[in-house]
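Text of the file protein01.cif, holding mmCIF, C-alpha atoms:
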```cif
data_work
loop_
_atom_site.label_atom_id
_atom_site.label_comp_id
_atom_site.auth_asym_id
_atom_site.auth_seq_id
_atom_site.Cartn_x
_atom_site.Cartn_y
_atom_site.Cartn_z
CA MET N 16 0.00 0.00 0.00
CA ARG N 17 1.22 3.48 -0.82
CA PHE N 18 0.09 6.39 1.34
CA THR N 19 1.67 9.10 3.46
CA PHE N 20 1.35 9.99 7.12
CA ARG N 21 -0.09 13.31 6.03
CA GLN N 22 -2.91 11.55 4.19
CA LEU N 23 -3.60 9.53 7.33
CA GLU N 24 -3.74 12.75 9.37
CA TYR N 25 -6.27 14.20 6.90
CA PHE N 26 -8.38 11.05 7.22
CA ILE N 27 -8.23 11.23 11.03
CA ALA N 28 -9.32 14.86 10.96
CA ALA N 29 -12.27 14.06 8.70
CA GLY N 30 -13.25 11.06 10.80
CA GLU N 31 -13.21 13.05 14.04
CA CYS N 32 -14.91 16.13 12.60
CA GLY N 33 -17.47 14.32 10.47
CA SER N 34 -17.08 16.99 7.81
CA ILE N 35 -14.64 17.78 5.03
CA THR N 36 -15.10 21.50 5.67
CA GLN N 37 -14.37 21.24 9.39
CA ALA N 38 -11.40 18.95 8.74
CA SER N 39 -10.09 21.53 6.30
CA GLN N 40 -10.37 24.26 8.92
CA ARG N 41 -8.74 22.11 11.56
CA THR N 42 -5.75 21.11 9.43
CA ASN N 43 -5.53 24.42 7.54
CA ILE N 44 -5.59 22.44 4.29
CA SER N 45 -7.99 22.91 1.39
CA ALA N 46 -11.15 20.79 1.29
CA PRO N 47 -10.25 19.25 -2.12
CA SER N 48 -6.93 18.06 -0.66
CA ILE N 49 -8.78 16.35 2.19
CA SER N 50 -11.21 14.69 -0.24
CA THR N 51 -8.36 13.55 -2.48
CA ALA N 52 -6.49 12.01 0.46
CA ILE N 53 -9.60 10.09 1.57
CA SER N 54 -10.31 8.81 -1.95
CA HIS N 55 -6.69 7.71 -2.30
CA LEU N 56 -6.85 5.76 0.98
CA GLU N 57 -10.11 4.09 -0.05
CA ARG N 58 -8.55 2.95 -3.35
CA GLU N 59 -5.37 1.72 -1.68
CA CYS N 60 -7.20 -0.16 1.07
CA GLY N 61 -10.04 -1.37 -1.11
CA VAL N 62 -12.75 -0.34 1.36
CA GLN N 63 -15.24 2.48 1.74
CA LEU N 64 -14.25 4.59 4.74
CA PHE N 65 -17.13 7.08 4.77
CA VAL N 66 -20.76 7.39 3.86
CA ARG N 67 -21.20 10.77 2.17
CA HIS N 68 -24.37 12.63 3.14
CA HIS N 69 -25.39 15.49 0.87
CA ALA N 70 -25.07 18.74 2.83
CA GLU N 71 -24.85 16.74 6.08
CA GLY N 72 -21.18 15.78 6.18
CA LEU N 73 -19.65 12.31 6.58
CA SER N 74 -20.19 9.27 8.76
CA LEU N 75 -17.64 6.50 9.20
CA THR N 76 -18.40 3.00 7.96
CA SER N 77 -17.52 0.04 10.19
CA ALA N 78 -14.30 -0.35 8.20
CA GLY N 79 -13.67 3.36 8.59
CA ARG N 80 -14.05 3.20 12.36
CA ALA N 81 -11.60 0.32 12.57
CA MET N 82 -9.12 2.09 10.34
CA LEU N 83 -9.44 5.34 12.31
CA LEU N 84 -8.20 3.62 15.45
CA GLU N 85 -5.35 1.93 13.58
CA CYS N 86 -4.33 5.22 11.97
CA LYS N 87 -4.23 6.99 15.31
CA GLN N 88 -1.98 4.28 16.70
CA LEU N 89 0.27 4.47 13.66
CA ILE N 90 0.59 8.25 13.93
CA GLN N 91 1.37 7.94 17.62
CA GLN N 92 4.05 5.35 16.89
CA ALA N 93 5.53 7.65 14.26
CA ARG N 94 5.68 10.46 16.80
CA GLY N 95 7.38 8.03 19.15
CA LEU N 96 10.31 7.86 16.73
CA THR N 97 11.13 11.43 17.71
CA SER N 98 11.14 10.42 21.36
CA ALA N 99 13.37 7.43 20.63
CA ALA N 100 15.81 9.68 18.81
CA THR N 101 16.23 11.83 21.93
CA ASP N 102 17.30 8.97 24.20
CA ILE N 103 20.90 10.13 23.96
CA ASN N 104 20.17 13.27 25.97
CA HIS N 105 17.40 11.69 28.09
CA LYS N 106 14.83 14.29 27.06
CA LEU N 107 11.23 13.44 26.37
CA ARG N 108 9.46 15.25 23.58
CA GLY N 109 6.11 15.02 21.89
CA GLU N 110 2.48 15.43 22.82
CA ILE N 111 0.55 13.68 25.56
CA ARG N 112 -3.25 13.94 25.68
CA ILE N 113 -4.59 13.58 29.21
CA GLY N 114 -8.26 13.17 30.02
CA CYS N 115 -9.48 13.90 33.54
CA PHE N 116 -12.77 13.36 35.34
CA VAL N 117 -14.44 16.75 35.45
CA THR N 118 -14.73 17.07 39.24
CA LEU N 119 -11.05 16.14 39.72
CA VAL N 120 -9.64 18.68 37.27
CA PRO N 121 -9.48 21.84 39.43
CA MET N 122 -7.79 20.01 42.29
CA ILE N 123 -5.45 17.54 40.61
CA MET N 124 -4.49 18.79 37.17
CA PRO N 125 -2.86 22.20 37.90
CA GLU N 126 -0.28 20.80 40.32
CA LEU N 127 0.19 17.52 38.46
CA THR N 128 0.70 18.90 34.95
CA TYR N 129 2.81 21.83 36.15
CA SER N 130 5.24 19.55 37.98
CA PHE N 131 5.34 17.14 35.02
CA GLY N 132 6.01 20.02 32.64
CA LYS N 133 8.86 21.24 34.83
CA SER N 134 10.42 17.79 34.72
CA HIS N 135 9.88 17.44 30.96
CA PRO N 136 9.95 20.96 29.48
CA GLU N 137 9.97 19.73 25.87
CA ALA N 138 6.75 17.76 26.30
CA GLU N 139 3.51 19.22 24.98
CA ILE N 140 0.74 18.57 27.50
CA ARG N 141 -2.90 18.71 26.45
CA TYR N 142 -5.71 17.85 28.81
CA ILE N 143 -9.46 17.85 28.65
CA GLU N 144 -12.09 17.49 31.36
CA LEU N 145 -14.88 14.96 30.72
CA HIS N 146 -17.33 12.81 32.65
CA GLN N 147 -16.76 9.06 32.93
CA GLU N 148 -18.60 7.87 29.81
CA ASP N 149 -16.85 10.39 27.57
CA LEU N 150 -13.46 9.56 29.09
CA LEU N 151 -13.91 5.86 28.36
CA ASN N 152 -15.14 6.62 24.84
CA GLY N 153 -12.18 8.94 24.31
CA LEU N 154 -9.76 6.18 25.30
CA GLN N 155 -11.44 3.68 23.00
CA ARG N 156 -11.30 6.15 20.08
CA ALA N 157 -7.66 6.94 20.95
CA ASP N 158 -8.58 10.62 21.33
CA ILE N 159 -6.71 10.65 24.64
CA ASP N 160 -3.64 8.71 25.76
CA VAL N 161 -4.39 8.37 29.46
CA ALA N 162 -7.26 9.29 31.77
CA ILE N 163 -7.23 10.20 35.46
CA THR N 164 -10.56 8.93 36.70
CA TYR N 165 -12.48 6.52 38.93
CA ASP N 166 -12.92 2.75 38.73
CA LEU N 167 -16.50 3.15 37.49
CA SER N 168 -17.72 0.77 34.75
CA ILE N 169 -14.23 0.15 33.36
CA PRO N 170 -14.61 -2.04 30.22
CA ASP N 171 -12.40 -5.06 29.55
CA GLU N 172 -10.41 -3.28 26.86
CA VAL N 173 -9.30 -0.55 29.27
CA ALA N 174 -6.52 -1.06 31.83
CA PHE N 175 -6.90 0.67 35.19
CA ILE N 176 -4.05 1.39 37.64
CA PRO N 177 -5.41 2.33 41.10
CA LEU N 178 -3.60 5.13 42.91
CA ALA N 179 -5.76 6.18 45.87
CA THR N 180 -8.97 5.19 47.64
CA LEU N 181 -11.73 7.74 48.22
CA PRO N 182 -14.56 6.75 50.59
CA PRO N 183 -17.95 8.42 50.17
CA TYR N 184 -19.02 11.07 52.68
CA ALA N 185 -21.90 13.48 53.26
CA MET N 186 -21.56 17.22 52.88
CA VAL N 187 -23.88 19.53 54.82
CA GLY N 188 -24.20 23.25 55.46
CA GLU N 189 -24.03 25.50 58.51
CA ALA N 190 -27.73 25.09 59.34
CA SER N 191 -27.69 21.28 59.30
CA ARG N 192 -28.12 19.50 62.63
CA LEU N 193 -25.83 16.76 61.30
CA ARG N 194 -22.72 18.90 60.91
CA HIS N 195 -21.27 18.10 64.37
CA GLN N 196 -21.89 14.34 64.21
CA SER N 197 -18.93 11.97 64.04
CA ALA N 198 -20.78 9.90 61.42
CA VAL N 199 -24.19 9.79 59.77
CA THR N 200 -26.26 7.00 58.24
CA LEU N 201 -27.90 7.11 54.84
CA ALA N 202 -31.22 6.63 56.62
CA ASP N 203 -30.63 9.87 58.54
CA LEU N 204 -29.77 11.68 55.32
CA ALA N 205 -32.80 10.30 53.47
CA GLU N 206 -35.06 12.42 55.69
CA GLN N 207 -33.68 15.54 53.94
CA PRO N 208 -33.47 16.64 50.28
CA TRP N 209 -30.51 15.29 48.34
CA VAL N 210 -28.67 17.75 46.09
CA VAL N 211 -27.45 15.37 43.39
CA LEU N 212 -24.23 15.69 41.41
CA ASP N 213 -25.98 14.54 38.26
CA LEU N 214 -23.17 13.12 36.13
CA PRO N 215 -23.41 9.87 34.14
CA LEU N 216 -22.34 6.83 36.19
CA SER N 217 -21.59 9.01 39.25
CA HIS N 218 -25.32 9.38 39.89
CA ASP N 219 -25.74 5.60 39.55
CA TYR N 220 -22.88 4.98 41.99
CA PHE N 221 -24.45 7.10 44.73
CA LEU N 222 -27.87 5.56 44.13
CA SER N 223 -26.28 2.13 44.58
CA LEU N 224 -25.18 3.13 48.08
CA PHE N 225 -28.78 3.82 49.04
CA ALA N 226 -29.98 0.64 47.33
CA ALA N 227 -27.49 -1.46 49.29
CA GLU N 228 -28.94 -0.04 52.52
CA ARG N 229 -32.53 -0.38 51.27
CA VAL N 230 -33.04 3.34 51.77
CA GLU N 231 -35.00 5.58 49.41
CA PRO N 232 -33.47 9.07 49.06
CA GLN N 233 -35.47 12.24 48.48
CA ILE N 234 -33.97 13.90 45.41
CA GLY N 235 -34.49 17.63 45.81
CA TRP N 236 -32.14 19.27 43.31
CA ARG N 237 -29.78 18.27 40.53
CA SER N 238 -26.75 19.85 38.92
CA GLN N 239 -23.87 18.65 36.75
CA HIS N 240 -21.53 21.23 38.31
CA HIS N 241 -19.59 20.35 41.45
CA GLU N 242 -19.41 23.93 42.75
CA ILE N 243 -23.12 24.56 42.19
CA VAL N 244 -23.95 21.49 44.31
CA ARG N 245 -21.59 22.73 47.04
CA ALA N 246 -23.12 26.21 46.98
CA MET N 247 -26.67 24.84 47.22
CA VAL N 248 -25.71 22.67 50.18
CA ALA N 249 -24.00 25.60 51.90
CA ASN N 250 -27.19 27.63 51.46
CA GLY N 251 -29.38 25.01 53.11
CA TYR N 252 -30.99 23.26 50.13
CA GLY N 253 -30.07 19.84 51.51
CA TYR N 254 -27.08 17.51 51.67
CA ALA N 255 -24.75 16.11 49.00
CA LEU N 256 -22.68 12.96 48.64
CA PHE N 257 -19.11 13.11 47.38
CA ASN N 258 -15.90 11.10 47.28
CA VAL N 259 -13.70 14.05 46.38
CA ARG N 260 -12.96 16.32 49.32
CA PRO N 261 -11.39 19.67 48.35
CA ARG N 262 -9.07 21.36 50.82
CA ASN N 263 -11.26 24.44 50.61
CA SER N 264 -14.20 23.90 53.01
CA VAL N 265 -16.27 26.86 51.84
CA ALA N 266 -18.53 27.31 48.82
CA LEU N 267 -17.81 29.95 46.19
CA ASP N 268 -20.10 32.41 48.00
CA GLY N 269 -18.02 32.01 51.18
CA ARG N 270 -20.50 29.92 53.16
CA GLN N 271 -19.10 27.11 55.29
CA LEU N 272 -19.39 23.43 54.38
CA TYR N 273 -18.97 20.40 56.62
CA ALA N 274 -17.85 16.89 55.68
CA VAL N 275 -19.41 14.06 57.72
CA PRO N 276 -18.28 10.40 57.35
CA LEU N 277 -20.86 7.82 56.32
CA ALA N 278 -21.52 5.13 58.89
CA GLY N 279 -21.64 1.55 57.72
CA GLU N 280 -19.81 -0.32 54.98
CA HIS N 281 -19.95 1.29 51.55
CA ARG N 282 -18.15 0.80 48.28
CA ASP N 283 -15.24 3.22 48.08
CA LEU N 284 -14.11 4.67 44.77
CA GLN N 285 -10.56 4.36 43.55
CA ILE N 286 -8.91 7.13 41.64
CA GLY N 287 -6.36 5.95 39.11
CA LEU N 288 -5.03 5.90 35.56
CA ALA N 289 -6.95 4.38 32.67
CA THR N 290 -5.38 3.47 29.31
CA LEU N 291 -6.43 1.45 26.29
CA LYS N 292 -4.88 -2.02 26.54
CA GLU N 293 -4.25 -2.51 22.82
CA LEU N 294 -2.58 0.88 22.41
CA LYS N 295 1.19 0.76 22.93
CA LYS N 296 2.21 3.42 25.43
CA SER N 297 4.71 6.04 24.38
CA ARG N 298 7.73 6.82 26.55
CA LEU N 299 6.06 10.10 27.43
CA CYS N 300 2.92 8.31 28.57
CA LEU N 301 4.96 5.88 30.69
CA ALA N 302 6.80 8.82 32.25
CA PHE N 303 3.49 10.48 33.10
CA GLU N 304 2.21 7.27 34.70
CA GLU N 305 5.30 7.10 36.90
CA HIS N 306 4.88 10.79 37.76
CA CYS N 307 1.30 10.11 38.90
CA ARG N 308 2.35 7.08 40.96
CA LEU N 309 4.81 9.28 42.85
CA ARG N 310 2.40 12.18 43.42
CA ILE N 311 -0.98 10.54 44.05
CA SER N 312 -1.66 8.11 46.91
CA SER N 313 -4.16 7.53 49.68
CA THR N 314 -2.05 9.78 51.92
CA TYR N 315 -1.59 12.63 49.43
CA ILE N 316 -3.73 13.79 46.52
CA PRO N 317 -3.13 17.23 44.98
CA GLY N 318 -5.76 19.71 46.12
CA MET N 319 -7.65 17.27 48.37
CA VAL N 320 -8.05 16.37 52.01
CA THR N 321 -7.10 12.72 52.51
CA LEU N 322 -8.03 10.46 55.39
CA PRO N 323 -5.18 9.02 57.49
CA MET N 324 -4.28 5.43 56.70
CA GLU N 325 -5.40 4.36 60.16
CA ARG N 326 -8.10 6.26 62.02
CA SER N 327 -7.95 6.54 65.77
CA GLU N 328 -9.66 3.81 67.79
CA GLN N 329 -11.99 6.45 69.25
CA THR N 330 -13.11 7.64 65.79
CA GLU N 331 -13.64 4.09 64.56
CA ALA N 332 -15.71 3.26 67.63
CA LYS N 333 -17.94 6.28 67.02
CA ILE N 334 -18.52 5.36 63.38
CA ARG N 335 -19.29 1.74 64.23
CA SER N 336 -21.71 2.85 66.91
CA VAL N 337 -23.86 4.62 64.31
CA ARG N 338 -25.12 1.48 62.63
CA SER N 339 -26.70 1.37 59.23
CA PRO N 340 -30.40 0.36 59.02
CA ARG N 341 -29.48 -2.96 57.44
CA ARG N 342 -27.10 -3.77 60.29
CA ARG N 343 -29.68 -2.78 62.91
CA GLU N 344 -32.23 -5.05 61.25
CA ARG N 345 -29.74 -7.94 61.13
CA SER N 346 -28.87 -7.46 64.83
CA ARG N 347 -32.56 -7.38 65.78
CA LYS N 348 -33.22 -10.64 63.92
CA GLN N 349 -30.25 -12.29 65.62
CA ARG N 350 -31.57 -11.26 69.03
CA ASP N 351 -35.06 -12.55 68.19
CA ASP N 352 -33.61 -15.89 67.12
#
```

I'd like the structure from this file rewritten - as structure tokens, please.
Amino acid sequence: MRFTFRQLEYFIAAGECGSITQASQRTNISAPSISTAISHLERECGVQLFVRHHAEGLSLTSAGRAMLLECKQLIQQARGLTSAATDINHKLRGEIRIGCFVTLVPMIMPELTYSFGKSHPEAEIRYIELHQEDLLNGLQRADIDVAITYDLSIPDEVAFIPLATLPPYAMVGEASRLRHQSAVTLADLAEQPWVVLDLPLSHDYFLSLFAAERVEPQIGWRSQHHEIVRAMVANGYGYALFNVRPRNSVALDGRQLYAVPLAGEHRDLQIGLATLKELKKSRLCLAFEEHCRLRISSTYIPGMVTLPMERSEQTEAKIRSVRSPRRRERSRKQRDD
């Protein structure tokens, strides 16, 4: 087969944009050149890569989708040649595309990418904030090289390296009677409105906590924005559930927020690195993984409050004493028997 890397880049642009015109604008190349490159690839490969829709752009065929992923890997490997050529001076060059779960971005990414950039000044760092479904889709399309995210619905084709464990907790405002408690049950919370962080998969995770306790929450408000949820809680709209705990304990309007541990046994979330298994990692990507391993752990996460590895016996006793409804029911049945 005879084709150039440039033709592959034009095909990738058209496949991602779904339009010859938009691909032309993105690559700063004329639309006829894009069309010619696509037609040449179709002849060389003997397959139809796109379905052309009159005045509605392009859509990839099944063969086109498969080839798009292969082309992205090939381009990445070609860029890796530049990195390999710099081994003699131990400098890493090239581009790394980092995806990050949207609620983690303002806490983790500034410190993490700044320190990585200082260590590797010739690396070009690009990052994008997305929710879980879009992060996983971005990995599978090879739009991003690595994602910093949670262990939520990780598919078989994605590898996940855990870095830190984040237990769920309740967040309440100044007016809440629960703010001074050492721990709170989901049954106690269910008596009040729940201000939901309404992101795909995250919402399902928190609902699963209630389902496991056989408790029905009262959903009062919803928002896809972390800071809006915090502000509503601080202003007395209800409580929220989070795993991420920012070091700043006030909302954007300056009102105080309080974090209260959840009593009972609940599924913690793990924050870690996700990559596509079939995609060979570049040296730059491997260096970033090692950088994350050194800077993120259960005892230190950039921008977050972390729980000590071992809580005091007094704190543990208080949390255990506030039993979940399911545990209370189990204990009652045992006594009756």

Discussion item. I'd like the interatomic distance between CA of Arg156 in chain N and CA of His241 in chain N, to a tenth of an Å.
Written reply: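 The value is 27.0 Å.
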
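Around Leu294 in chain N, within 10 Å and counting all atoms listed in the file, the residues found are N:Leu84, N:Glu85, N:Lys87, N:Gln88, N:Leu89, N:Gln91, N:Gln92, N:Leu154, N:Gln155, N:Ala157, N:Asp160, N:Glu172, N:Val173, N:Thr290, once anything fewer than 4 positions away on its own chain is removed.
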
As lines of an AutoDock Vina configuration file: centre and edge lengths in Å, one decimal, of the axis-aligned box holding range 165-170 of chain N with 4 Å per side:
```
center_x = -15.1
center_y = 2.2
center_z = 34.6
size_x = 13.2
size_y = 16.6
size_z = 16.7
```

For Phe65 in chain N, which residue among N:Gln239, N:Ser34, N:Ser312, N:Ser197 is the nearest when counting only C-alpha atoms?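 With only C-alpha atoms as the atom set, the closest residue is N:Ser34.
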
Residues in the PyMOL selection byres ((chain N and resi 110-116) around 9), expressed as a PyMOL selection string: chain N and resi 94+108-109+117-120+123-124+138-147+150+153-154+158-165+297+299-300+303

Just-selected residues, C-alpha atoms written as an mmCIF file, keeping the file's coordinate frame:
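Wrote it out as result13.cif, contents follow:
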```cif
data_model
loop_
_atom_site.group_PDB
_atom_site.id
_atom_site.type_symbol
_atom_site.label_atom_id
_atom_site.label_comp_id
_atom_site.auth_asym_id
_atom_site.auth_seq_id
_atom_site.Cartn_x
_atom_site.Cartn_y
_atom_site.Cartn_z
ATOM 1 C CA ARG N 94 5.680 10.460 16.800
ATOM 2 C CA ARG N 108 9.460 15.250 23.580
ATOM 3 C CA GLY N 109 6.110 15.020 21.890
ATOM 4 C CA VAL N 117 -14.440 16.750 35.450
ATOM 5 C CA THR N 118 -14.730 17.070 39.240
ATOM 6 C CA LEU N 119 -11.050 16.140 39.720
ATOM 7 C CA VAL N 120 -9.640 18.680 37.270
ATOM 8 C CA ILE N 123 -5.450 17.540 40.610
ATOM 9 C CA MET N 124 -4.490 18.790 37.170
ATOM 10 C CA ALA N 138 6.750 17.760 26.300
ATOM 11 C CA GLU N 139 3.510 19.220 24.980
ATOM 12 C CA ILE N 140 0.740 18.570 27.500
ATOM 13 C CA ARG N 141 -2.900 18.710 26.450
ATOM 14 C CA TYR N 142 -5.710 17.850 28.810
ATOM 15 C CA ILE N 143 -9.460 17.850 28.650
ATOM 16 C CA GLU N 144 -12.090 17.490 31.360
ATOM 17 C CA LEU N 145 -14.880 14.960 30.720
ATOM 18 C CA HIS N 146 -17.330 12.810 32.650
ATOM 19 C CA GLN N 147 -16.760 9.060 32.930
ATOM 20 C CA LEU N 150 -13.460 9.560 29.090
ATOM 21 C CA GLY N 153 -12.180 8.940 24.310
ATOM 22 C CA LEU N 154 -9.760 6.180 25.300
ATOM 23 C CA ASP N 158 -8.580 10.620 21.330
ATOM 24 C CA ILE N 159 -6.710 10.650 24.640
ATOM 25 C CA ASP N 160 -3.640 8.710 25.760
ATOM 26 C CA VAL N 161 -4.390 8.370 29.460
ATOM 27 C CA ALA N 162 -7.260 9.290 31.770
ATOM 28 C CA ILE N 163 -7.230 10.200 35.460
ATOM 29 C CA THR N 164 -10.560 8.930 36.700
ATOM 30 C CA TYR N 165 -12.480 6.520 38.930
ATOM 31 C CA SER N 297 4.710 6.040 24.380
ATOM 32 C CA LEU N 299 6.060 10.100 27.430
ATOM 33 C CA CYS N 300 2.920 8.310 28.570
ATOM 34 C CA PHE N 303 3.490 10.480 33.100
#
```

_I'd like the contact shell of Ser264 in chain N - 12 Å cut-off, only C-alpha atoms, skipping same-chain residues fewer than 4 positions apart - returned as an MDAnalysis selection string._
chainID N and resid 186:189 242 245:246 248:249 259:260 268:274 318:320

| said: Selection in question (the file shown): the PyMOL selection byres ((chain N and resi 24-30) around 9). Which residues does it include, as a PyMOL selection string? | reply: chain N and resi 19-23+31-39+41-42+44+48-50+52-53+56+64-65+73-75+79-80+83-84+86-87+90

Correct to one decimal, the distance CA of Phe175 in chain N-CA of Leu214 in chain N is 20.5 Å

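Pairwise distance (CA of Leu224 in chain N, CA of Pro183 in chain N) equals 9.2 Å.
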
**Request:** Compare N:Gly287, N:Gly279, N:Gly61, N:Pro47 by their minimum atom-to-atom distance to Leu181 in chain N, counting all atoms listed in the file, and give me the closest one.
**Result:**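 Answer, going by the shortest atom-to-atom distance: N:Gly287.
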